[in-house]
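Trainee: This one is target_30.txt, compact mmCIF, C-alpha atoms.
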# COMPACT_ATOMS: atom_id res chain seq x y z
CA MET K 1 3.36 -16.24 19.70
CA THR K 2 5.33 -17.53 22.65
CA PRO K 3 8.81 -19.08 22.56
CA ASP K 4 7.15 -22.47 23.04
CA ASP K 5 4.97 -21.77 19.99
CA HIS K 6 8.09 -20.98 17.95
CA THR K 7 9.76 -24.22 19.03
CA ALA K 8 6.65 -26.31 18.34
CA ALA K 9 6.21 -24.79 14.86
CA ALA K 10 9.87 -25.46 14.05
CA ALA K 11 9.53 -29.08 15.17
CA ASP K 12 6.48 -29.53 12.94
CA LEU K 13 8.39 -28.11 9.96
CA LEU K 14 11.31 -30.41 10.61
CA ASP K 15 8.96 -33.42 10.83
CA ALA K 16 7.33 -32.34 7.55
CA GLU K 17 10.73 -32.22 5.85
CA ARG K 18 11.67 -35.67 7.12
CA ALA K 19 8.32 -37.23 6.21
CA GLY K 20 7.96 -35.44 2.88
CA LYS K 21 4.46 -34.30 3.85
CA GLN K 22 3.33 -30.69 4.15
CA ILE K 23 1.74 -29.13 7.22
CA GLY K 24 -1.00 -26.51 7.35
CA LEU K 25 -0.48 -22.77 7.34
CA LEU K 26 1.15 -21.47 10.48
CA THR K 27 -0.70 -18.19 9.97
CA LEU K 28 -4.01 -20.04 10.35
CA ARG K 29 -2.78 -21.69 13.52
CA HIS K 30 -1.38 -18.39 14.82
CA PRO K 31 -3.30 -15.44 13.29
CA GLU K 32 -1.30 -13.05 15.46
CA MET K 33 1.96 -14.11 13.79
CA GLY K 34 4.29 -11.29 12.71
CA MET K 35 7.70 -10.85 11.12
CA ASP K 36 9.64 -11.31 14.36
CA ASP K 37 7.67 -14.48 15.08
CA ALA K 38 8.50 -15.84 11.63
CA TYR K 39 12.23 -15.30 12.08
CA ALA K 40 11.99 -16.75 15.61
CA VAL K 41 10.49 -19.95 14.15
CA GLN K 42 13.26 -20.00 11.53
CA LYS K 43 15.89 -19.64 14.27
CA ALA K 44 14.28 -22.43 16.30
CA LEU K 45 14.37 -24.59 13.16
CA CYS K 46 18.06 -23.77 12.73
CA ASP K 47 18.76 -24.65 16.37
CA GLN K 48 17.05 -28.02 15.96
CA LYS K 49 18.92 -28.80 12.73
CA GLN K 50 22.24 -27.91 14.35
CA ALA K 51 21.38 -30.13 17.30
CA ASP K 52 20.92 -32.93 14.74
CA GLY K 53 24.43 -32.31 13.41
CA ARG K 54 23.75 -29.94 10.53
CA ARG K 55 26.19 -27.09 9.86
CA VAL K 56 25.34 -23.60 8.59
CA ILE K 57 27.20 -22.87 5.32
CA GLY K 58 25.51 -19.65 4.25
CA TRP K 59 22.37 -17.65 3.64
CA LYS K 60 19.79 -17.05 0.93
CA ILE K 61 17.99 -13.83 0.10
CA GLY K 62 14.51 -14.03 -1.36
CA LEU K 63 11.72 -11.76 -2.57
CA THR K 64 14.20 -9.35 -4.12
CA SER K 65 12.10 -8.67 -7.22
CA LYS K 66 9.13 -6.32 -7.29
CA ALA K 67 6.96 -8.99 -8.91
CA MET K 68 7.48 -11.42 -6.01
CA GLN K 69 7.05 -8.66 -3.41
CA TYR K 70 3.75 -7.60 -4.97
CA ALA K 71 2.60 -11.24 -5.02
CA LEU K 72 3.13 -11.59 -1.26
CA ASP K 73 2.16 -8.02 -0.35
CA ILE K 74 5.54 -7.17 1.13
CA ASP K 75 7.99 -4.40 0.37
CA ILE K 76 11.24 -5.93 1.64
CA PRO K 77 13.22 -9.11 0.87
CA ASP K 78 13.42 -12.08 3.21
CA SER K 79 16.22 -14.46 4.12
CA GLY K 80 16.88 -18.09 5.00
CA ILE K 81 19.71 -20.37 6.10
CA LEU K 82 21.84 -22.76 4.01
CA PHE K 83 22.93 -26.02 5.64
CA ASP K 84 25.68 -28.43 4.63
CA ASP K 85 23.27 -31.14 3.48
CA MET K 86 21.73 -28.71 0.96
CA LEU K 87 24.83 -28.34 -1.24
CA PHE K 88 24.84 -30.06 -4.65
CA ASP K 89 27.52 -30.10 -7.33
CA SER K 90 26.60 -28.78 -10.74
CA GLY K 91 25.39 -31.67 -12.89
CA ALA K 92 24.42 -33.81 -9.89
CA THR K 93 21.19 -35.76 -9.60
CA VAL K 94 18.75 -35.03 -6.78
CA PRO K 95 17.53 -38.39 -5.43
CA ALA K 96 13.86 -39.24 -5.96
CA GLY K 97 11.74 -38.21 -3.00
CA ARG K 98 14.34 -35.83 -1.54
CA PHE K 99 11.95 -32.86 -1.85
CA ILE K 100 8.18 -32.38 -1.74
CA GLN K 101 7.47 -29.81 -4.48
CA PRO K 102 10.88 -28.71 -5.77
CA ARG K 103 11.37 -25.61 -7.91
CA ILE K 104 14.53 -23.82 -8.98
CA GLU K 105 15.68 -20.23 -9.39
CA ALA K 106 18.80 -18.85 -11.10
CA GLU K 107 20.99 -16.59 -8.98
CA ILE K 108 24.44 -15.10 -8.53
CA ALA K 109 26.21 -16.66 -5.53
CA PHE K 110 28.73 -14.77 -3.41
CA VAL K 111 31.38 -16.71 -1.45
CA MET K 112 32.83 -14.63 1.36
CA LYS K 113 36.43 -14.28 2.50
CA SER K 114 35.76 -12.20 5.60
CA SER K 115 32.93 -11.54 8.02
CA LEU K 116 30.29 -8.93 7.35
CA SER K 117 27.96 -7.34 9.86
CA GLY K 118 26.62 -4.06 11.12
CA ALA K 119 23.69 -1.74 10.63
CA ASP K 120 25.67 0.43 8.21
CA VAL K 121 27.13 -2.19 5.83
CA THR K 122 27.64 -0.65 2.39
CA ARG K 123 28.10 -1.86 -1.16
CA GLU K 124 31.85 -1.22 -0.79
CA ASP K 125 31.95 -3.38 2.36
CA VAL K 126 30.38 -6.28 0.47
CA ILE K 127 32.89 -5.97 -2.37
CA ALA K 128 35.80 -5.97 0.08
CA ALA K 129 34.44 -9.03 1.95
CA THR K 130 33.73 -11.17 -1.15
CA ASP K 131 36.15 -13.90 -2.22
CA TYR K 132 34.43 -14.69 -5.54
CA VAL K 133 31.08 -14.87 -7.30
CA SER K 134 29.62 -17.84 -9.23
CA PRO K 135 26.55 -18.88 -11.20
CA SER K 136 24.14 -20.86 -9.07
CA LEU K 137 20.72 -22.41 -8.73
CA GLU K 138 18.61 -22.32 -5.63
CA ILE K 139 16.35 -25.31 -5.04
CA LEU K 140 13.11 -24.26 -3.38
CA ASP K 141 10.69 -26.50 -1.53
CA THR K 142 7.73 -25.90 0.73
CA ARG K 143 7.05 -27.81 3.90
CA ILE K 144 3.87 -25.72 4.33
CA CYS K 145 0.82 -25.97 2.07
CA ARG K 146 0.76 -23.22 -0.54
CA VAL K 147 -3.04 -22.99 -0.19
CA ASP K 148 -5.20 -24.18 2.70
CA PRO K 149 -7.59 -26.77 1.21
CA GLU K 150 -10.51 -25.82 3.48
CA THR K 151 -10.40 -22.02 3.52
CA GLY K 152 -8.55 -21.31 0.28
CA GLN K 153 -6.20 -19.02 2.18
CA THR K 154 -2.75 -18.80 0.61
CA ARG K 155 0.47 -18.86 2.57
CA THR K 156 1.86 -15.48 3.57
CA VAL K 157 5.40 -14.21 3.84
CA PHE K 158 5.32 -15.19 7.53
CA ASP K 159 4.68 -18.82 6.59
CA THR K 160 7.46 -18.68 4.02
CA ILE K 161 10.04 -17.12 6.35
CA SER K 162 9.21 -19.65 9.07
CA ASP K 163 9.78 -22.39 6.50
CA ASN K 164 13.39 -21.22 6.09
CA ALA K 165 12.33 -18.88 3.28
CA ALA K 166 11.35 -21.99 1.27
CA ASN K 167 15.01 -22.91 0.88
CA ALA K 168 15.95 -26.54 0.20
CA GLY K 169 19.22 -26.63 -1.75
CA VAL K 170 21.98 -24.77 -3.54
CA VAL K 171 23.84 -25.76 -6.70
CA LEU K 172 27.10 -23.92 -7.35
CA GLY K 173 28.58 -23.62 -10.81
CA GLU K 174 32.26 -24.38 -11.29
CA ASP K 175 33.17 -20.91 -12.60
CA ARG K 176 34.61 -18.45 -10.10
CA HIS K 177 34.99 -14.75 -10.82
CA ALA K 178 36.43 -11.77 -8.99
CA ILE K 179 33.54 -9.57 -7.93
CA ASP K 180 34.75 -6.73 -10.16
CA ALA K 181 35.31 -8.91 -13.25
CA HIS K 182 31.70 -8.44 -14.42
CA ASP K 183 29.00 -5.82 -14.02
CA LEU K 184 26.68 -8.03 -11.99
CA ARG K 185 23.65 -5.95 -12.97
CA TRP K 186 24.15 -7.23 -16.53
CA VAL K 187 24.96 -10.84 -15.67
CA GLY K 188 21.97 -12.92 -16.70
CA ALA K 189 20.88 -16.45 -17.43
CA ILE K 190 18.87 -18.39 -19.97
CA THR K 191 17.25 -21.14 -17.93
CA PHE K 192 16.27 -24.35 -19.70
CA ARG K 193 13.93 -27.07 -18.43
CA ASP K 194 14.26 -30.32 -20.37
CA GLY K 195 15.99 -28.51 -23.21
CA GLU K 196 13.42 -25.74 -23.62
CA VAL K 197 13.83 -22.12 -22.50
CA GLU K 198 11.66 -21.48 -19.43
CA GLU K 199 12.96 -18.20 -18.05
CA THR K 200 15.48 -15.44 -18.73
CA GLY K 201 16.61 -12.59 -16.51
CA LEU K 202 19.32 -10.16 -15.47
CA GLY K 203 21.08 -9.48 -12.18
CA ALA K 204 19.54 -6.01 -12.14
CA GLY K 205 16.26 -7.70 -11.20
CA VAL K 206 17.78 -8.21 -7.74
CA LEU K 207 17.35 -4.81 -6.03
CA ASN K 208 18.99 -3.27 -9.12
CA ASP K 209 22.33 -4.76 -8.03
CA PRO K 210 23.04 -8.16 -6.38
CA VAL K 211 25.77 -6.52 -4.30
CA GLU K 212 23.11 -4.32 -2.67
CA SER K 213 21.14 -7.46 -1.87
CA VAL K 214 24.05 -8.86 0.16
CA ALA K 215 24.43 -5.52 1.94
CA TRP K 216 20.73 -5.65 2.83
CA LEU K 217 21.19 -9.15 4.27
CA ALA K 218 24.13 -8.12 6.43
CA ARG K 219 22.16 -5.20 7.84
CA ARG K 220 19.06 -7.32 8.49
CA MET K 221 21.07 -10.03 10.23
CA THR K 222 22.45 -7.45 12.63
CA GLN K 223 18.91 -6.91 13.93
CA TYR K 224 18.79 -10.57 14.96
CA GLY K 225 22.30 -10.85 16.40
CA GLN K 226 23.67 -12.71 13.36
CA ARG K 227 26.44 -12.04 10.86
CA ILE K 228 27.89 -13.35 7.61
CA GLU K 229 30.99 -15.46 8.28
CA PRO K 230 34.11 -16.17 6.17
CA GLY K 231 33.61 -19.03 3.70
CA GLN K 232 29.85 -18.77 3.69
CA ILE K 233 27.79 -18.87 0.49
CA ILE K 234 25.29 -16.09 -0.06
CA LEU K 235 22.54 -16.59 -2.64
CA SER K 236 21.82 -13.01 -3.62
CA GLY K 237 18.28 -13.49 -4.95
CA SER K 238 16.60 -14.80 -8.05
CA PHE K 239 16.15 -12.82 -11.25
CA ILE K 240 13.72 -15.38 -12.73
CA ARG K 241 10.38 -16.79 -11.65
CA PRO K 242 10.51 -20.20 -9.90
CA VAL K 243 10.55 -23.14 -12.31
CA GLU K 244 8.63 -26.25 -11.26
CA CYS K 245 10.74 -29.44 -11.22
CA PRO K 246 8.64 -32.63 -11.17
CA PRO K 247 10.46 -35.99 -11.22
CA GLY K 248 12.68 -36.45 -14.26
CA THR K 249 13.27 -32.74 -14.79
CA ASP K 250 16.63 -31.61 -16.19
CA ILE K 251 17.67 -27.99 -15.52
CA HIS K 252 20.43 -26.05 -17.25
CA ALA K 253 21.13 -22.36 -16.67
CA ASP K 254 23.39 -20.68 -19.24
CA PHE K 255 24.97 -17.53 -17.79
CA GLY K 256 27.01 -16.84 -20.96
CA PRO K 257 30.57 -15.64 -20.17
CA PHE K 258 29.75 -15.96 -16.46
CA GLY K 259 29.43 -19.75 -16.73
CA ALA K 260 26.72 -22.38 -16.44
CA VAL K 261 25.09 -24.58 -13.81
CA GLY K 262 22.72 -27.53 -13.95
CA ILE K 263 20.88 -30.13 -11.90
CA HIS K 264 18.76 -33.22 -12.61
CA PHE K 265 15.82 -34.45 -10.56
CA ALA K 266 15.46 -38.25 -10.53
Just dump the structure as structure tokens.
Mentor:
Amino acid sequence: MTPDDHTAAAADLLDAERAGKQIGLLTLRHPEMGMDDAYAVQKALCDQKQADGRRVIGWKIGLTSKAMQYALDIDIPDSGILFDDMLFDSGATVPAGRFIQPRIEAEIAFVMKSSLSGADVTREDVIAATDYVSPSLEILDTRICRVDPETGQTRTVFDTISDNAANAGVVLGEDRHAIDAHDLRWVGAITFRDGEVEETGLGAGVLNDPVESVAWLARRMTQYGQRIEPGQIILSGSFIRPVECPPGTDIHADFGPFGAVGIHFA
């Protein structure tokens, strides 16, 4: 793909988000597409959003579980960008029509107090750079068709990364904890949809330790000339499968002593 191809793909994704209508698979349009191309499209999307006045407030890490990696035939996580218009308070209502096909995942969020970058970032570096951790939900959406209606081809990880790693929103719980107050591997959530248990999981499902997930992100960002900045929110990766959220859905994630977080879809 050429730089013009990256820019054009990003513009199409942005139009799809605004119109609430999905586009076709980028990997069908560009069969030669690779990982660097996907992140180049994501960067072009970020540039266009920032030109429209959006502000970067953090990052999300995805595909941290083996199950999701196997499903997309990939052996590493991916990442996306959080923008200021994606942030929701716990208990808020998402307006009708805001997203195309919303789903949620339960995650541990890190809020940073200092910058983090470098090819050799360690678990200890992440701990030192973290202000606090909180329960959170990630809202997923897809501006690209999950399956091409004509060929039956499913989207690949390159489509997903281009589409900002399917990120659409973040819901932060009100509880804030020092990073060493809990063993994050054993922090889990019971996730309810409309009052019924849909998913359960533990932090250990995220690369065996959510802290390691943030370290991975910092190292990956270095490859692309990026870094984690003070005050940014880092969604460390889901330890449950995505939960579909059609209109009228009410979501509540009970993290036990770690707190709770919820969101309603009008």
Trainee: Kindly indicate which residue among K:Gly20, K:Pro102, K:Gly34, K:Gly203 lies nearest to Ile251 of chain K, using only C-alpha atoms for the distances.
Mentor: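 Using only C-alpha atoms, the shortest distance to Ile251 of chain K belongs to K:Pro102.
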Trainee: I'd like a table as a Markdown table: residues in segment 80-187 of chain K with an atom no more than 7 Å from segment 213-223 of chain K, each row giving the shortest atom pair and its distance in Å to one decimal, only C-alpha atoms counted, sorted by chain and rising residue number.
Mentor:
| residue | atom | partner | partner_atom | distance |
| --- | --- | --- | --- | --- |
| K:Leu116 | CA | K:Ala218 | CA | 6.3 |
| K:Ser117 | CA | K:Ala218 | CA | 5.2 |
| K:Gly118 | CA | K:Thr222 | CA | 5.6 |
| K:Ala119 | CA | K:Arg219 | CA | 4.7 |
| K:Asp120 | CA | K:Arg219 | CA | 6.6 |
| K:Val121 | CA | K:Ala215 | CA | 5.8 |
| K:Thr122 | CA | K:Ala215 | CA | 5.9 |
| K:Arg123 | CA | K:Ala215 | CA | 6.0 |
| K:Val126 | CA | K:Ala215 | CA | 6.2 |
Trainee: Which of these, K:Leu82, K:Leu25, K:Ala106, K:Cys245, has the shortest distance to Ile57 of chain K once you count only C-alpha atoms?
Mentor: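 The shortest atom-to-atom distance to Ile57 of chain K comes from K:Leu82.
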Trainee: Segment 86-92 of chain K: which residues within 8 Å, counting all atoms listed in the file, same-chain residues fewer than 5 positions away excluded, as a VMD selection string?
Mentor: chain K and resid 168 to 174 261 to 264
Trainee: Between K:Ser79, K:Thr130, K:Thr64, K:Thr93, which has the minimum distance to Gln232 of chain K (counting only C-alpha atoms)?
Mentor: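 Under the stated criterion, the closest residue is K:Thr130.
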Trainee: Excluding segment 154-162 of chain K and its own-chain neighbours fewer than 2 positions away, which residues fall within 6 Å of it when counting only C-alpha atoms? Please give them as an MDAnalysis selection string.
Mentor: chainID K and resid 26 38 41:42 146:147 164:166
Trainee: My list of candidates is K:Pro149, K:Ile127, K:Gly62, K:Asp163. Which is closest to Asp37 of chain K when distances are computed with all atoms listed in the file?
Mentor: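 The shortest atom-to-atom distance to Asp37 of chain K comes from K:Asp163.
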Trainee: From the set K:Glu199, K:Glu124, K:Asp5, K:Asp180, which residue has the shortest atom-to-atom contact distance to His30 of chain K, counting all atoms listed in the file?
Mentor: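 Looking only at the distances to His30 of chain K, the closest residue turns out to be K:Asp5.
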Trainee: Between atom CA of Leu45 of chain K and atom CA of Arg227 of chain K, what is the distance, to one decimal in Å?
Mentor: 17.6 Å
Trainee: Using all atoms listed in the file, which of the listed residues (K:Asp141, K:Glu17, K:Asp125, K:Asp131) sits closest to Phe110 of chain K?
Mentor: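 Comparing K:Asp141, K:Glu17, K:Asp125, K:Asp131 against Phe110 of chain K, the winner is K:Asp131.
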Trainee: By how many Å are atom CA of Tyr39 of chain K and atom CA of Ile76 of chain K apart?
Mentor: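 So the two atoms, atom CA of Tyr39 of chain K and atom CA of Ile76 of chain K, lie 14.1 Å apart.
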Trainee: Might I get the box with edges along x, y and z of the file that holds all atoms of segment 239-257 of chain K listed there, padded by 5 Å on every side, given as centre and edge lengths in Å to one decimal, as lines of an AutoDock Vina configuration file?
Mentor:
center_x = 19.6
center_y = -24.6
center_z = -15.4
size_x = 31.9
size_y = 33.6
size_z = 21.1
